[in-house]
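J.: Below you'll find entry.cif; it's mmCIF, C-alpha atoms and all ligand atoms.
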```cif
data_data
loop_
_atom_site.label_atom_id
_atom_site.label_comp_id
_atom_site.auth_asym_id
_atom_site.auth_seq_id
_atom_site.Cartn_x
_atom_site.Cartn_y
_atom_site.Cartn_z
CA MET A 1 5.52 15.67 -34.89
CA PRO A 2 6.56 12.07 -35.67
CA ALA A 3 4.00 9.40 -34.91
CA ALA A 4 4.57 5.99 -33.39
CA ALA A 5 4.98 3.38 -36.13
CA LYS A 6 3.32 0.64 -34.21
CA SER A 7 0.58 0.77 -31.65
CA PRO A 8 1.26 -0.27 -28.06
CA PRO A 9 0.79 -3.86 -26.88
CA SER A 10 -2.27 -2.89 -24.82
CA GLU A 11 -4.60 -0.04 -23.92
CA ASP A 12 -2.65 0.59 -20.73
CA LYS A 13 -2.14 4.34 -20.39
CA ARG A 14 1.45 3.86 -19.32
CA TRP A 15 2.34 3.19 -22.97
CA ARG A 16 1.59 6.83 -23.65
CA ILE A 17 4.42 7.81 -21.35
CA VAL A 18 6.73 5.39 -23.20
CA THR A 19 5.63 6.72 -26.59
CA GLY A 20 6.14 10.26 -25.27
CA THR A 21 9.80 9.51 -24.54
CA MET A 22 10.34 8.06 -28.03
CA ARG A 23 8.58 11.01 -29.62
CA ARG A 24 10.79 13.47 -27.76
CA TYR A 25 13.75 11.87 -29.51
CA GLY A 26 11.98 11.78 -32.88
CA PHE A 27 11.78 7.94 -32.66
CA SER A 28 15.53 7.85 -33.17
CA PRO A 29 17.52 4.71 -32.28
CA ASP A 30 19.48 6.98 -29.92
CA ALA A 31 16.47 6.98 -27.62
CA LEU A 32 16.87 3.29 -26.84
CA ILE A 33 18.29 3.42 -23.32
CA GLU A 34 16.14 6.37 -22.31
CA THR A 35 13.04 4.56 -23.60
CA LEU A 36 13.90 1.35 -21.77
CA HIS A 37 14.28 3.41 -18.60
CA THR A 38 10.82 4.85 -19.16
CA VAL A 39 9.34 1.38 -19.67
CA GLN A 40 10.93 0.19 -16.47
CA GLU A 41 9.84 3.25 -14.52
CA SER A 42 6.30 2.81 -15.75
CA PHE A 43 5.91 -0.96 -15.55
CA GLY A 44 8.65 -2.04 -13.18
CA TYR A 45 10.27 -4.38 -15.68
CA LEU A 46 10.76 -4.99 -19.41
CA ASP A 47 8.83 -7.86 -20.94
CA GLU A 48 8.91 -9.34 -24.44
CA ASP A 49 6.05 -7.15 -25.68
CA ALA A 50 7.73 -4.01 -24.41
CA LEU A 51 11.07 -4.88 -26.03
CA GLN A 52 9.31 -5.61 -29.30
CA PHE A 53 7.32 -2.39 -29.17
CA VAL A 54 10.42 -0.31 -28.52
CA ALA A 55 12.40 -2.13 -31.24
CA GLU A 56 9.76 -1.52 -33.88
CA ASN A 57 9.22 2.13 -33.05
CA LEU A 58 12.90 3.02 -32.81
CA HIS A 59 13.83 0.89 -35.82
CA VAL A 60 16.39 -1.03 -33.83
CA PRO A 61 16.81 -4.79 -34.35
CA PRO A 62 15.13 -6.71 -31.51
CA SER A 63 18.41 -8.51 -30.84
CA ARG A 64 20.07 -5.20 -30.04
CA VAL A 65 17.21 -4.09 -27.79
CA TYR A 66 17.39 -7.39 -25.98
CA GLY A 67 21.17 -7.09 -25.76
CA VAL A 68 20.99 -3.65 -24.17
CA ALA A 69 18.24 -4.73 -21.77
CA THR A 70 20.28 -7.69 -20.56
CA PHE A 71 23.64 -5.93 -20.51
CA TYR A 72 22.76 -3.31 -17.92
CA ASN A 73 21.90 -4.77 -14.56
CA PHE A 74 19.56 -1.92 -13.69
CA PHE A 75 17.00 -3.29 -16.13
CA ASN A 76 14.67 -6.01 -14.83
CA LEU A 77 13.35 -8.52 -17.32
CA LYS A 78 10.94 -10.09 -14.87
CA PRO A 79 8.25 -8.67 -12.64
CA GLN A 80 9.62 -8.06 -9.21
CA GLY A 81 7.17 -8.07 -6.31
CA GLU A 82 3.55 -9.14 -6.54
CA HIS A 83 2.61 -5.45 -6.35
CA HIS A 84 4.49 -2.56 -7.80
CA CYS A 85 4.55 0.96 -6.45
CA VAL A 86 6.18 3.73 -8.49
CA VAL A 87 6.69 7.02 -6.69
CA CYS A 88 7.26 10.01 -8.93
CA MET A 89 10.28 12.11 -8.05
CA GLY A 90 9.89 14.54 -10.95
CA THR A 91 10.10 18.24 -10.17
CA ALA A 92 6.39 18.85 -9.52
CA CYS A 93 6.08 15.81 -7.28
CA TYR A 94 9.39 16.45 -5.56
CA ILE A 95 8.37 19.98 -4.60
CA LYS A 96 5.02 18.80 -3.32
CA GLY A 97 6.44 16.22 -0.96
CA ALA A 98 7.47 13.06 -2.81
CA PRO A 99 10.66 12.64 -0.70
CA ALA A 100 8.57 12.44 2.50
CA ILE A 101 6.40 9.76 0.86
CA LEU A 102 9.44 7.70 -0.05
CA GLU A 103 10.86 8.09 3.41
CA ARG A 104 7.63 6.91 4.98
CA LEU A 105 7.37 3.89 2.65
CA HIS A 106 10.92 3.07 3.55
CA HIS A 107 10.11 3.33 7.22
CA ASP A 108 6.86 1.35 7.14
CA PHE A 109 7.70 -1.35 4.59
CA ASP A 110 11.46 -1.35 4.85
CA ILE A 111 12.03 -0.88 1.13
CA ALA A 112 14.13 1.65 -0.73
CA PRO A 113 13.66 2.46 -4.42
CA GLY A 114 14.74 -0.49 -6.54
CA GLU A 115 13.97 -2.98 -3.78
CA THR A 116 11.33 -5.61 -3.19
CA THR A 117 10.12 -6.62 0.25
CA PRO A 118 11.64 -9.93 1.45
CA ASP A 119 8.22 -11.61 1.17
CA ASN A 120 8.13 -10.49 -2.50
CA ARG A 121 4.88 -8.66 -2.05
CA VAL A 122 5.82 -5.09 -2.98
CA SER A 123 8.46 -3.57 -5.22
CA LEU A 124 9.24 0.10 -5.11
CA THR A 125 10.69 2.17 -7.91
CA ILE A 126 10.87 5.86 -8.68
CA ALA A 127 9.98 7.69 -11.88
CA ARG A 128 11.04 11.01 -13.30
CA CYS A 129 7.49 11.94 -14.36
CA LEU A 130 4.34 9.87 -14.57
CA GLY A 131 2.62 12.38 -16.82
CA ALA A 132 0.25 13.35 -14.02
CA CYS A 133 1.97 16.48 -12.71
CA GLY A 134 -1.38 18.16 -12.02
CA LEU A 135 -1.94 15.47 -9.39
CA ALA A 136 1.46 15.93 -7.73
CA PRO A 137 2.68 14.27 -5.68
CA ALA A 138 1.72 11.20 -7.65
CA ALA A 139 2.50 7.51 -7.62
CA THR A 140 1.17 4.44 -9.35
CA LEU A 141 0.15 1.27 -7.65
CA ASP A 142 -0.14 -1.70 -9.97
CA GLY A 143 -0.54 0.76 -12.82
CA GLU A 144 -3.30 2.87 -11.24
CA VAL A 145 -2.33 6.50 -10.81
CA ALA A 146 -2.90 7.93 -7.35
CA GLY A 147 -2.47 11.66 -6.91
CA LYS A 148 -2.35 14.36 -4.27
CA LEU A 149 -0.74 11.89 -1.94
CA ASP A 150 0.81 12.46 1.43
CA PRO A 151 2.81 9.93 3.45
CA ASN A 152 -0.31 8.63 5.23
CA THR A 153 -2.45 8.18 2.13
CA ALA A 154 0.45 6.58 0.26
CA VAL A 155 0.94 4.01 3.02
CA ALA A 156 -2.82 3.39 3.17
CA LYS A 157 -2.91 2.70 -0.58
CA VAL A 158 -0.09 0.19 -0.35
CA GLU A 159 -1.72 -1.46 2.65
CA ALA A 160 -5.00 -1.67 0.76
CA VAL A 161 -3.47 -3.72 -2.10
CA LEU A 162 -1.75 -5.98 0.40
CA LYS A 163 -5.01 -6.98 2.10
S1 LIG A 201 6.53 15.28 -11.99
FE1 LIG A 201 5.40 13.74 -11.03
S2 LIG A 201 3.87 13.30 -12.44
FE2 LIG A 201 5.06 14.73 -13.47
#
```
Go through the file and emit its structure as structure tokens.

T.:
Amino acid sequence: MPAAAKSPPSEDKRWRIVTGTMRRYGFSPDALIETLHTVQESFGYLDEDALQFVAENLHVPPSRVYGVATFYNFFNLKPQGEHHCVVCMGTACYIKGAPAILERLHHDFDIAPGETTPDNRVSLTIARCLGACGLAPAATLDGEVAGKLDPNTAVAKVEAVLK
């Protein structure tokens, strides 16, 4: 199995998910868009370090990585809200109730996936797998994985970071 050429910018476990995507494609340059999606799903946006990390591991010139990241308007280059909630909509989480969690977050905070509350306090995105399927339905809140959620506990977690 091919190994990552360069280690991640930090110890943050979310880099493992990013590396996992690149590994699935054999660290081929063809994995660029898919990998950028994974970075965004995991972190909410693409920063300099992330773009550099992806460029080095996929052997793509940084200028091209930057070009792709800025060309598509679904990629964010800046952090969105003060807090970032990622709800997993992968199969395991979906089956165990992720749609009801999203619906409740929408109802209580008036945000849909891809949106930030008008006061800029919370951004919501969805992921295709957070690598925590055993904890389904799972979400991350500011990078911390929360599992076995239901609509009430998900709302409580978001409210807790907003206090
Ligand atoms: S499907 Fe949700 S963590 Fe894997």

J.: Would you pick out the contacts of Lys78 of chain A at 10 Å or less, using all atoms listed in the file, so that residues sharing its chain but fewer than 5 positions from it are not included, and give the list as a ChimeraX atom specification?

T.: /A:44-48

J.: Would you list the residues that come within 10 Å of ligand LIG 201 (chain A)? Count all atoms listed in the file and give the answer as a ChimeraX atom specification.

T.: /A:87-96,98,126-140,145,147

J.: Arg16 of chain A: which residues within 12 Å, counting only C-alpha atoms, same-chain residues fewer than 4 positions away excluded, as a tab-separated table (two decimals) with C-alpha atoms, keeping the file's coordinate frame?

T.:
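As written to disk, part07.tsv reads:
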```tsv
chain	number	residue	atom	x	y	z
A	3	ALA	CA	4.00	9.40	-34.91
A	4	ALA	CA	4.57	5.99	-33.39
A	7	SER	CA	0.58	0.77	-31.65
A	8	PRO	CA	1.26	-0.27	-28.06
A	9	PRO	CA	0.79	-3.86	-26.88
A	10	SER	CA	-2.27	-2.89	-24.82
A	11	GLU	CA	-4.60	-0.04	-23.92
A	12	ASP	CA	-2.65	0.59	-20.73
A	20	GLY	CA	6.14	10.26	-25.27
A	21	THR	CA	9.80	9.51	-24.54
A	22	MET	CA	10.34	8.06	-28.03
A	23	ARG	CA	8.58	11.01	-29.62
A	35	THR	CA	13.04	4.56	-23.60
A	38	THR	CA	10.82	4.85	-19.16
A	39	VAL	CA	9.34	1.38	-19.67
A	42	SER	CA	6.30	2.81	-15.75
A	130	LEU	CA	4.34	9.87	-14.57
A	131	GLY	CA	2.62	12.38	-16.82
A	132	ALA	CA	0.25	13.35	-14.02
```

J.: Go through A:Val122, A:Val54, A:Ile101, A:Ala112 and flag the residue nearest Thr153 of chain A, using only C-alpha atoms for the distances.

T.: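 Nearest to Thr153 of chain A: A:Ile101.
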
J.: Could you tell me how far atom CA of Cys85 of chain A lies from atom CA of Tyr66 of chain A, in Å and to one decimal?

T.: 24.8 Å

J.: Using all atoms listed in the file, which of A:Asp150, A:Gly81, A:Leu51, A:Leu102 sits nearest Thr116 of chain A?

T.: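 Using all atoms listed in the file, Thr116 of chain A sits closest to A:Gly81.
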
J.: May I ask for the distance between atom CA of Phe75 of chain A and atom CA of Pro151 of chain A, given in Å to one decimal place?

T.: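 Between these atoms lies a distance of 27.6 Å.
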